[in-house]
$ cat data.txt   # compact mmCIF, C-alpha atoms and all ligand atoms
# COMPACT_ATOMS: atom_id res chain seq x y z
CA MET A 1 7.24 -85.66 28.55
CA ILE A 2 5.13 -82.77 29.74
CA ARG A 3 1.61 -83.60 30.80
CA PHE A 4 -1.00 -80.97 31.32
CA VAL A 5 -3.09 -81.95 34.29
CA HIS A 6 -5.94 -79.73 35.28
CA PRO A 7 -6.07 -79.56 39.07
CA TYR A 8 -9.85 -79.75 39.25
CA ILE A 9 -9.86 -83.00 37.32
CA GLU A 10 -7.71 -84.71 39.90
CA ALA A 11 -9.96 -83.55 42.66
CA ASP A 12 -13.09 -84.55 40.80
CA THR A 13 -14.83 -87.43 42.50
CA ALA A 14 -17.63 -87.55 39.92
CA LEU A 15 -15.12 -88.36 37.20
CA LYS A 16 -16.01 -92.04 37.25
CA ASP A 17 -19.52 -91.28 36.03
CA ILE A 18 -18.45 -89.15 33.10
CA GLY A 19 -18.58 -92.02 30.63
CA LYS A 20 -22.10 -93.05 31.64
CA LYS A 21 -23.34 -89.47 31.61
CA LEU A 22 -21.79 -88.87 28.22
CA LEU A 23 -23.52 -91.94 26.81
CA ALA A 24 -26.77 -90.71 28.30
CA GLY A 25 -26.45 -87.49 26.29
CA ASP A 26 -25.08 -85.12 28.91
CA LYS A 27 -23.22 -82.38 27.03
CA ARG A 28 -21.40 -81.14 30.12
CA ALA A 29 -20.03 -84.63 30.62
CA LEU A 30 -18.93 -84.59 26.98
CA ALA A 31 -17.11 -81.30 27.51
CA ARG A 32 -15.38 -82.68 30.60
CA ALA A 33 -14.51 -85.93 28.84
CA ILE A 34 -12.75 -84.02 26.05
CA THR A 35 -10.86 -81.95 28.61
CA VAL A 36 -9.81 -85.15 30.34
CA VAL A 37 -8.54 -86.87 27.20
CA GLU A 38 -6.89 -83.63 26.11
CA ALA A 39 -4.98 -83.53 29.37
CA GLY A 40 -3.75 -87.07 28.82
CA GLY A 41 -2.82 -89.35 31.67
CA PRO A 42 -4.55 -92.37 33.20
CA GLU A 43 -8.02 -90.78 33.51
CA GLY A 44 -8.09 -90.09 29.79
CA THR A 45 -6.90 -93.58 28.97
CA ALA A 46 -9.58 -95.10 31.20
CA LEU A 47 -12.26 -93.03 29.52
CA VAL A 48 -11.14 -94.09 26.06
CA LYS A 49 -11.16 -97.73 27.19
CA GLU A 50 -14.67 -97.36 28.52
CA LEU A 51 -16.13 -95.57 25.51
CA PHE A 52 -14.12 -96.98 22.65
CA HIS A 53 -16.74 -99.59 21.75
CA HIS A 54 -19.36 -96.90 21.30
CA ALA A 55 -17.27 -95.01 18.74
CA GLY A 56 -16.86 -95.54 15.02
CA HIS A 57 -20.32 -94.75 13.69
CA SER A 58 -19.93 -91.10 12.72
CA HIS A 59 -19.08 -89.59 9.36
CA LEU A 60 -15.84 -87.71 9.93
CA ILE A 61 -15.37 -84.74 7.65
CA GLY A 62 -12.08 -82.87 7.58
CA VAL A 63 -12.05 -79.27 6.41
CA THR A 64 -8.63 -77.88 5.67
CA GLY A 65 -6.97 -75.05 3.81
CA SER A 66 -4.83 -71.97 4.39
CA PRO A 67 -5.77 -69.39 7.03
CA GLY A 68 -8.41 -66.92 5.82
CA VAL A 69 -9.86 -68.96 2.96
CA GLY A 70 -13.15 -69.19 4.87
CA LYS A 71 -13.04 -72.62 6.51
CA SER A 72 -14.85 -71.57 9.67
CA THR A 73 -17.48 -69.73 7.65
CA LEU A 74 -17.95 -72.80 5.49
CA VAL A 75 -18.15 -75.12 8.49
CA ASP A 76 -20.80 -72.88 9.99
CA ALA A 77 -22.83 -73.02 6.76
CA LEU A 78 -22.34 -76.78 6.55
CA VAL A 79 -23.70 -77.20 10.07
CA THR A 80 -26.83 -75.31 8.99
CA GLU A 81 -27.15 -77.61 5.99
CA ILE A 82 -26.66 -80.78 8.01
CA ARG A 83 -29.15 -79.66 10.64
CA LYS A 84 -31.83 -79.29 7.95
CA GLU A 85 -31.75 -83.08 7.80
CA GLY A 86 -32.01 -83.35 11.55
CA LYS A 87 -28.60 -84.96 11.91
CA LYS A 88 -26.56 -84.36 15.04
CA VAL A 89 -23.33 -82.57 14.27
CA ALA A 90 -20.16 -81.71 16.15
CA VAL A 91 -17.35 -79.39 15.14
CA LEU A 92 -13.83 -79.81 16.39
CA ALA A 93 -11.56 -76.92 15.49
CA VAL A 94 -7.94 -77.90 15.84
CA ASP A 95 -5.83 -74.79 16.01
CA PRO A 96 -2.09 -75.26 15.85
CA SER A 97 -1.49 -71.54 16.01
CA SER A 98 -2.48 -71.27 19.65
CA PRO A 99 -0.73 -74.20 21.28
CA PHE A 100 -1.19 -73.16 24.90
CA THR A 101 -4.50 -71.45 25.32
CA GLY A 102 -6.70 -74.17 23.90
CA GLY A 103 -9.26 -71.47 23.25
CA ALA A 104 -11.21 -70.75 20.14
CA ILE A 105 -10.39 -67.84 17.96
CA LEU A 106 -12.91 -65.31 19.14
CA GLY A 107 -14.26 -64.71 15.66
CA ASP A 108 -15.14 -68.37 15.30
CA ARG A 109 -17.10 -68.34 18.53
CA ILE A 110 -19.09 -65.31 17.52
CA ARG A 111 -19.90 -66.73 14.13
CA MET A 112 -20.96 -70.06 15.57
CA GLN A 113 -23.31 -68.50 18.07
CA ASP A 114 -26.43 -69.35 16.11
CA HIS A 115 -25.75 -73.02 16.62
CA THR A 116 -24.85 -72.92 20.28
CA LEU A 117 -28.51 -72.86 21.27
CA ASP A 118 -29.14 -75.98 19.23
CA LYS A 119 -28.92 -79.04 21.48
CA ASP A 120 -27.87 -81.29 18.61
CA VAL A 121 -24.85 -79.16 17.73
CA TYR A 122 -21.62 -79.16 19.68
CA ILE A 123 -18.68 -76.91 18.92
CA ARG A 124 -15.32 -77.28 20.53
CA SER A 125 -11.87 -76.02 19.80
CA MET A 126 -8.71 -77.78 20.71
CA ALA A 127 -5.13 -76.66 20.72
CA ASN A 128 -2.73 -78.75 18.80
CA ARG A 129 -0.04 -79.55 21.28
CA GLY A 130 2.99 -79.08 19.12
CA HIS A 131 2.75 -82.24 17.05
CA THR A 132 4.23 -81.57 13.66
CA GLY A 133 1.46 -83.59 12.08
CA GLY A 134 -1.08 -81.05 13.25
CA VAL A 135 -3.32 -83.73 14.66
CA SER A 136 -2.16 -84.80 18.06
CA LEU A 137 -3.05 -88.04 19.76
CA ALA A 138 -5.49 -86.13 21.94
CA THR A 139 -7.46 -85.23 18.82
CA TYR A 140 -8.09 -88.88 18.01
CA ASP A 141 -9.41 -89.42 21.52
CA ALA A 142 -11.51 -86.25 21.46
CA ILE A 143 -13.11 -87.50 18.24
CA ARG A 144 -13.86 -90.80 20.01
CA MET A 145 -15.66 -88.94 22.78
CA LEU A 146 -17.77 -87.14 20.17
CA GLU A 147 -18.48 -90.41 18.38
CA ALA A 148 -19.50 -92.14 21.59
CA PHE A 149 -21.88 -89.26 22.30
CA GLY A 150 -23.62 -90.17 19.07
CA PHE A 151 -23.01 -87.39 16.59
CA ASP A 152 -23.91 -88.43 13.06
CA VAL A 153 -21.38 -86.07 11.56
CA ILE A 154 -18.16 -84.71 13.06
CA ILE A 155 -16.42 -81.87 11.25
CA ILE A 156 -12.76 -81.35 12.02
CA GLU A 157 -11.41 -77.98 10.97
CA THR A 158 -7.65 -77.59 10.79
CA VAL A 159 -5.43 -74.87 9.48
CA GLY A 160 -3.76 -76.61 6.63
CA VAL A 161 -0.11 -75.78 6.45
CA GLY A 162 1.83 -78.62 4.90
CA GLN A 163 1.96 -81.70 7.07
CA SER A 164 -1.30 -81.13 8.89
CA GLU A 165 -3.25 -81.55 5.67
CA LEU A 166 -1.85 -85.02 5.34
CA ALA A 167 -2.61 -85.81 8.95
CA ILE A 168 -6.22 -84.68 8.70
CA ALA A 169 -6.68 -86.65 5.52
CA GLN A 170 -5.90 -89.68 7.61
CA THR A 171 -8.16 -88.62 10.45
CA ALA A 172 -11.23 -87.91 8.37
CA ASP A 173 -13.33 -90.17 6.17
CA THR A 174 -13.95 -87.28 3.79
CA THR A 175 -11.52 -84.41 3.33
CA ILE A 176 -12.67 -81.07 1.98
CA LEU A 177 -9.86 -78.87 0.74
CA VAL A 178 -10.85 -75.20 0.74
CA LEU A 179 -9.18 -72.68 -1.54
CA MET A 180 -9.99 -69.14 -2.58
CA PRO A 181 -9.58 -67.32 -5.87
CA GLY A 182 -6.65 -65.07 -6.56
CA SER A 183 -4.52 -66.13 -3.63
CA GLY A 184 -2.23 -68.31 -5.68
CA ASP A 185 -3.19 -70.99 -3.18
CA ASP A 186 -4.52 -73.29 -5.86
CA ILE A 187 -1.25 -73.16 -7.77
CA GLN A 188 0.61 -73.73 -4.53
CA ALA A 189 -1.61 -76.70 -3.70
CA ILE A 190 -1.14 -78.20 -7.13
CA LYS A 191 2.62 -77.85 -6.85
CA SER A 192 2.96 -79.19 -3.34
CA GLY A 193 0.98 -82.31 -4.01
CA ILE A 194 -1.69 -81.69 -1.38
CA MET A 195 -4.27 -82.03 -4.15
CA GLU A 196 -4.07 -85.76 -3.62
CA ILE A 197 -5.63 -85.56 -0.18
CA GLY A 198 -8.79 -83.72 -1.24
CA ASP A 199 -11.95 -85.76 -1.74
CA ILE A 200 -13.87 -82.57 -2.41
CA PHE A 201 -12.45 -79.26 -3.57
CA VAL A 202 -14.12 -76.01 -2.70
CA VAL A 203 -13.22 -72.69 -4.26
CA ASN A 204 -14.74 -70.47 -1.59
CA LYS A 205 -15.46 -66.75 -1.93
CA GLY A 206 -17.14 -67.39 -5.24
CA ASP A 207 -18.31 -63.77 -5.12
CA LEU A 208 -14.73 -62.62 -5.73
CA PRO A 209 -13.29 -62.40 -9.26
CA GLY A 210 -11.41 -65.39 -10.61
CA ALA A 211 -13.36 -68.14 -8.83
CA ASN A 212 -14.32 -69.99 -11.98
CA LYS A 213 -10.81 -69.66 -13.37
CA SER A 214 -9.42 -71.22 -10.18
CA ALA A 215 -11.93 -74.04 -10.39
CA THR A 216 -10.99 -74.72 -14.02
CA GLU A 217 -7.29 -74.86 -13.10
CA ILE A 218 -7.95 -77.28 -10.29
CA ILE A 219 -10.07 -79.52 -12.51
CA ALA A 220 -7.30 -79.54 -15.12
CA SER A 221 -4.68 -80.49 -12.59
CA LEU A 222 -6.90 -83.22 -11.13
CA GLU A 223 -7.29 -84.75 -14.56
CA LEU A 224 -3.53 -85.06 -14.76
CA ALA A 225 -3.13 -86.47 -11.27
CA HIS A 226 -3.19 -90.15 -10.53
CA HIS A 227 -5.90 -91.33 -8.24
CA HIS A 228 -5.81 -94.40 -6.12
CA THR A 229 -9.56 -94.77 -6.19
CA ASN A 230 -12.42 -94.44 -8.63
CA TRP A 231 -13.66 -91.37 -6.86
CA ALA A 232 -13.45 -88.29 -9.07
CA PRO A 233 -13.15 -85.38 -6.62
CA PRO A 234 -15.74 -82.70 -7.41
CA VAL A 235 -14.56 -79.10 -7.63
CA LEU A 236 -17.25 -76.78 -6.31
CA VAL A 237 -17.51 -73.02 -6.16
CA ALA A 238 -19.26 -71.66 -3.07
CA ILE A 239 -20.00 -68.44 -1.23
CA SER A 240 -19.88 -69.59 2.37
CA GLU A 241 -20.83 -66.18 3.68
CA SER A 242 -24.25 -66.40 2.07
CA GLY A 243 -24.45 -70.19 2.08
CA GLU A 244 -24.62 -70.37 -1.70
CA GLY A 245 -23.39 -73.69 -3.03
CA VAL A 246 -22.95 -75.19 0.42
CA ASP A 247 -25.84 -77.62 -0.13
CA LYS A 248 -23.86 -79.12 -3.04
CA ILE A 249 -20.83 -79.54 -0.78
CA TRP A 250 -22.90 -81.45 1.76
CA GLU A 251 -24.42 -83.59 -1.02
CA SER A 252 -20.93 -84.41 -2.27
CA ALA A 253 -19.74 -85.28 1.23
CA LYS A 254 -22.63 -87.73 1.64
CA LYS A 255 -21.95 -89.23 -1.78
CA HIS A 256 -18.31 -89.67 -0.89
CA HIS A 257 -19.20 -91.42 2.35
CA GLU A 258 -21.54 -93.77 0.49
CA PHE A 259 -18.82 -94.40 -2.06
CA LEU A 260 -16.37 -95.35 0.68
CA ILE A 261 -18.85 -97.76 2.22
CA GLU A 262 -19.93 -99.34 -1.06
CA THR A 263 -16.37 -99.89 -2.24
CA ASP A 264 -15.24 -101.11 1.17
CA GLN A 265 -12.69 -98.31 1.38
CA LEU A 266 -13.97 -96.87 4.63
CA ASN A 267 -12.31 -99.61 6.62
CA GLU A 268 -9.20 -99.39 4.52
CA ARG A 269 -8.93 -95.69 5.34
CA ARG A 270 -9.58 -96.32 8.98
CA ARG A 271 -6.88 -98.95 8.98
CA GLY A 272 -4.44 -96.34 7.72
CA LYS A 273 -5.56 -94.04 10.50
CA VAL A 274 -5.06 -96.65 13.17
CA LYS A 275 -1.61 -97.34 11.78
CA THR A 276 -0.64 -93.68 12.07
CA GLU A 277 -2.09 -93.39 15.54
CA LEU A 278 -0.44 -96.53 16.85
CA SER A 279 2.95 -95.55 15.44
CA GLU A 280 2.67 -92.16 17.11
CA MET A 281 1.57 -93.76 20.34
CA ILE A 282 4.30 -96.40 20.34
CA ALA A 283 6.93 -93.78 19.55
CA GLY A 284 5.64 -91.75 22.49
CA ILE A 285 5.77 -94.71 24.85
CA ALA A 286 9.23 -95.60 23.61
CA ARG A 287 10.42 -92.05 24.21
CA THR A 288 9.08 -92.00 27.76
CA ASN A 289 10.50 -95.44 28.38
CA LEU A 290 13.88 -94.35 27.11
CA GLU A 291 13.95 -91.13 29.12
CA GLU A 292 13.16 -93.08 32.27
CA SER A 293 15.63 -95.85 31.49
CA ILE A 294 18.52 -93.58 30.64
CA ASP A 295 18.79 -92.50 34.25
CA LYS A 296 18.14 -95.92 35.72
CA SER A 297 20.03 -98.35 33.55
CA SER A 298 23.75 -98.57 34.12
CA GLU A 299 24.23 -100.18 30.72
CA ILE A 300 22.63 -97.22 28.98
CA SER A 301 24.57 -94.83 31.14
CA ASP A 302 27.78 -96.70 30.21
CA ALA A 303 26.87 -96.46 26.53
CA LEU A 304 26.44 -92.70 26.90
CA SER A 305 29.83 -92.38 28.56
CA SER A 306 31.42 -94.46 25.79
CA VAL A 307 30.04 -92.11 23.15
CA VAL A 308 31.31 -89.08 25.07
CA ALA A 309 34.72 -90.74 25.34
CA ARG A 310 34.53 -91.53 21.60
CA LYS A 311 34.96 -95.23 22.24
CA LEU A 312 31.59 -95.95 20.65
CA ASP A 313 29.89 -94.21 17.77
CA PRO A 314 26.31 -92.97 18.38
CA HIS A 315 24.75 -95.30 15.77
CA THR A 316 26.14 -98.41 17.40
CA ALA A 317 25.19 -97.05 20.84
CA ALA A 318 21.61 -96.35 19.77
CA ALA A 319 21.24 -99.82 18.27
CA ALA A 320 22.58 -101.36 21.49
CA ILE A 321 20.18 -99.31 23.64
CA ILE A 322 17.20 -100.27 21.47
CA ARG A 323 18.21 -103.92 21.73
CA LYS A 324 18.39 -103.56 25.48
CA LEU A 325 15.00 -101.83 25.72
CA PHE A 326 13.00 -103.77 23.15
CA GLY A 327 14.94 -106.94 22.49
CA SER A 328 15.71 -106.13 18.87
CA SER A 329 17.14 -103.25 16.94
CA PRO A 330 15.45 -101.62 13.95
CA SER A 331 18.86 -100.93 12.47
CA ASP A 332 19.50 -104.68 12.51
CA ASN A 333 16.33 -105.14 10.49
CA GLY A 334 17.34 -102.31 8.20
CA LEU A 335 20.63 -104.02 7.59
CA GLU A 336 18.93 -107.32 6.84
CA ARG A 337 16.57 -105.65 4.42
CA THR A 338 19.34 -103.87 2.55
CA GLN A 339 21.29 -107.08 2.27
CA THR A 340 18.29 -109.04 1.04
CA GLU A 341 17.48 -106.36 -1.50
CA SER A 342 21.00 -106.27 -2.83
CA LEU A 343 20.83 -110.03 -3.35
CA LYS A 344 17.87 -109.72 -5.65
N1 LIG B 401 -16.17 -62.43 0.12
C1 LIG B 401 -16.27 -63.51 0.87
N2 LIG B 401 -15.65 -63.55 2.06
C2 LIG B 401 -15.77 -64.65 2.81
C3 LIG B 401 -16.50 -65.79 2.37
N3 LIG B 401 -16.43 -66.74 3.32
C4 LIG B 401 -15.67 -66.24 4.31
N4 LIG B 401 -15.27 -64.98 4.03
C5 LIG B 401 -14.48 -64.07 4.86
O1 LIG B 401 -13.13 -64.52 4.89
C6 LIG B 401 -12.53 -64.21 6.16
C7 LIG B 401 -11.92 -65.47 6.77
O2 LIG B 401 -12.95 -66.39 7.05
P1 LIG B 401 -12.76 -67.58 8.09
O3 LIG B 401 -13.97 -68.43 7.96
O4 LIG B 401 -12.40 -67.09 9.42
O5 LIG B 401 -11.49 -68.31 7.43
P2 LIG B 401 -10.59 -69.50 8.04
O6 LIG B 401 -9.37 -68.87 8.60
O7 LIG B 401 -10.23 -70.33 6.83
O8 LIG B 401 -11.39 -70.25 9.04
C8 LIG B 401 -13.66 -63.63 7.00
O9 LIG B 401 -13.54 -62.25 7.02
C9 LIG B 401 -14.91 -64.08 6.30
O10 LIG B 401 -15.98 -63.21 6.52
C10 LIG B 401 -17.17 -65.70 1.10
O11 LIG B 401 -17.84 -66.63 0.64
N5 LIG B 401 -16.99 -64.55 0.39
MG MG B 402 -11.06 -70.80 11.09
$ encode --input "data.txt" --output "structure tokens"
Amino acid sequence: MIRFVHPYIEADTALKDIGKKLLAGDKRALARAITVVEAGGPEGTALVKELFHHAGHSHLIGVTGSPGVGKSTLVDALVTEIRKEGKKVAVLAVDPSSPFTGGAILGDRIRMQDHTLDKDVYIRSMANRGHTGGVSLATYDAIRMLEAFGFDVIIIETVGVGQSELAIAQTADTTILVLMPGSGDDIQAIKSGIMEIGDIFVVNKGDLPGANKSATEIIASLELAHHHTNWAPPVLVAISESGEGVDKIWESAKKHHEFLIETDQLNERRRGKVKTELSEMIAGIARTNLEESIDKSSEISDALSSVVARKLDPHTAAAAIIRKLFGSSPSDNGLERTQTESLK
């Protein structure tokens, strides 16, 4: 597994105070903390351990949708709206399209400039390090750093292409799905089933023709869809560029958060999140464990040779290796389950 370790972090003797400084409201410490957890490794783990208990009190809002629909513009307008109430807000832009630079898209930076002078606003972009889900483990930890710092609201912007929409729905408490008129995006969304993940729908670029038609289509499709909760997702038309309609989006986000709390679904959602995160984490540990063991264990090495020599099929070999590494084999369990089911 490749780890990105920034040389200056290793040499940093003040690293041990980062947690304390972050809790005391030091934004530079926050920036460093995110870099540390993004890099992974023992320093990041230690930081998460230290600050974990301070996290969990922020309203996490996911903003997702296809490139160019106006997510960043909307996020910017939302920040303005949230700041009117004096709430502290952070923006985390997760950008899977630039996996190595970790830098913000320049346009986003320029647009966000108004807020950078505001001490209660923090904007950060993160690269998505190749996880197919679009939200890597580092993102969860970065969010924890922001939560520990004490932001009331944390907005996570992701480019929604397939799987990442699902992942962000699990990361956020409230998911805003952004669409624009005339792109065929709405139809695409309806077809692909991503409608289910939206708690709030925004048809952005309401100044362009067809916005109301798009909204009507979305409403119609939502009426047909099955919902797990009693929340009826609002469909809102907005012009993010001018800020028109963005107040309603913020109102809806607050209402949704209240709804989750009142109906005790906030914890249920968070439980789902933890499940996803832990599975990812355990799979990662297992992979590292396996890679290390393959070279060290003679039994595993023998199993490999047997497969090469066609004395053992790969399925049986994998089950044997898992049994060796973890004491039991998932394929054993699978077998048991199939047998039990067929008895019913
Ligand atoms: N006409 C119009 N254009 C908009 C609106 N909001 C954003 N845009 C433009 O759409 C383009 C993409 O916006 P951006 O926020 O970067 O989209 P993102 O890729 O989803 O983050 C930019 O040129 C924006 O100026 C809007 O409400 N109306
Ligand atoms: Mg953007």
$ atom_distance --input "data.txt" --atom1 "CA of Val307 (chain A)" --atom2 "CA of Glu292 (chain A)"
19.2 Å
$ residues_around --input "data.txt" --residues "region 234-250 of chain A" --least-positions-apart "4" --cutoff "6 Å" --atoms "all atoms listed in the file" --output "PyMOL selection string"
chain A and resi 73-74+77+200-206
$ atom_distance --input "data.txt" --atom1 "atom O8 of ligand LIG 401 (chain B)" --atom2 "CA of Met281 (chain A)"
29.1 Å
$ residues_near_ligand --input "data.txt" --ligand "ligand MG 402 (chain B)" --cutoff "8 Å" --atoms "all atoms listed in the file" --output "PyMOL selection string"
chain A and resi 67-68+70-73+93+105+108+157-159
$ closest_residue --input "data.txt" --among "A:Val89, A:Ile154, A:Leu78, A:Ala320" --to "ligand LIG 401 (chain B)" --atoms "only C-alpha atoms and all ligand atoms"
A:Leu78
$ closest_residue --input "data.txt" --among "A:Ala318, A:Leu137, A:Ile18, A:Leu224" --to "Ile282 (chain A)" --atoms "all atoms listed in the file"
A:Leu137
$ atom_distance --input "data.txt" --atom1 "CA of Ala220 (chain A)" --atom2 "CA of Ile197 (chain A)"
16.2 Å
$ closest_residue --input "data.txt" --among "A:Thr116, A:Thr288, A:His53, A:Asp207" --to "ligand LIG 401 (chain B)" --atoms "all atoms listed in the file"
A:Asp207
$ closest_residue --input "data.txt" --among "A:Ala319, A:Leu222, A:Ala148, A:Ile61" --to "Ala172 (chain A)" --atoms "all atoms listed in the file"
A:Ile61
$ residues_around --input "data.txt" --residues "Ile321 (chain A)" --least-positions-apart "3" --cutoff "10 Å" --atoms "only C-alpha atoms" --output "ChimeraX atom specification"
/A:290,293-294,297,299-301,303-304,315-318,324-329
$ axis_aligned_box --input "data.txt" --around "ligand LIG 401 (chain B)" --padding-each-side "8 Å" --output "AutoDock Vina command-line options"
--center_x -13.6 --center_y -66.3 --center_z 4.8 --size_x 24.5 --size_y 24.1 --size_z 25.3
$ residues_around --input "data.txt" --residues "region 252-269 of chain A" --least-positions-apart "4" --cutoff "7 Å" --atoms "only C-alpha atoms" --output "NGL selection string"
:A and (173-174 or 248 or 273)
$ closest_residue --input "data.txt" --among "A:Leu179, A:Leu146, A:Val63, A:Ile82" --to "Ala33 (chain A)" --atoms "all atoms listed in the file"
A:Leu146
$ closest_residue --input "data.txt" --among "A:Arg32, A:Ala90, A:Ala138, A:Ala211" --to "ligand LIG 401 (chain B)" --atoms "all atoms listed in the file"
A:Ala211
$ residues_near_point --input "data.txt" --point "(-24.7, -85.4, 27.4)" --cutoff "12 Å" --atoms "only C-alpha atoms" --output "count of residues only"
27
$ residues_around --input "data.txt" --residues "Gly284 (chain A)" --least-positions-apart "3" --cutoff "12 Å" --atoms "all atoms listed in the file" --output "VMD selection string"
chain A and resid 1 to 2 131 136 to 137 277 to 281 287 to 291
$ residues_near_point --input "data.txt" --point "(-6.5, -61.6, -4.4)" --cutoff "10 Å" --atoms "all atoms listed in the file" --output "PDB file with C-alpha atoms, in the coordinates of the input"
ATOM      1  CA  MET A 180      -9.990 -69.140  -2.580  1.00  0.00           C
ATOM      2  CA  PRO A 181      -9.580 -67.320  -5.870  1.00  0.00           C
ATOM      3  CA  GLY A 182      -6.650 -65.070  -6.560  1.00  0.00           C
ATOM      4  CA  SER A 183      -4.520 -66.130  -3.630  1.00  0.00           C
ATOM      5  CA  GLY A 184      -2.230 -68.310  -5.680  1.00  0.00           C
ATOM      6  CA  LEU A 208     -14.730 -62.620  -5.730  1.00  0.00           C
ATOM      7  CA  PRO A 209     -13.290 -62.400  -9.260  1.00  0.00           C
ATOM      8  CA  GLY A 210     -11.410 -65.390 -10.610  1.00  0.00           C
TER       9      GLY A 210
END
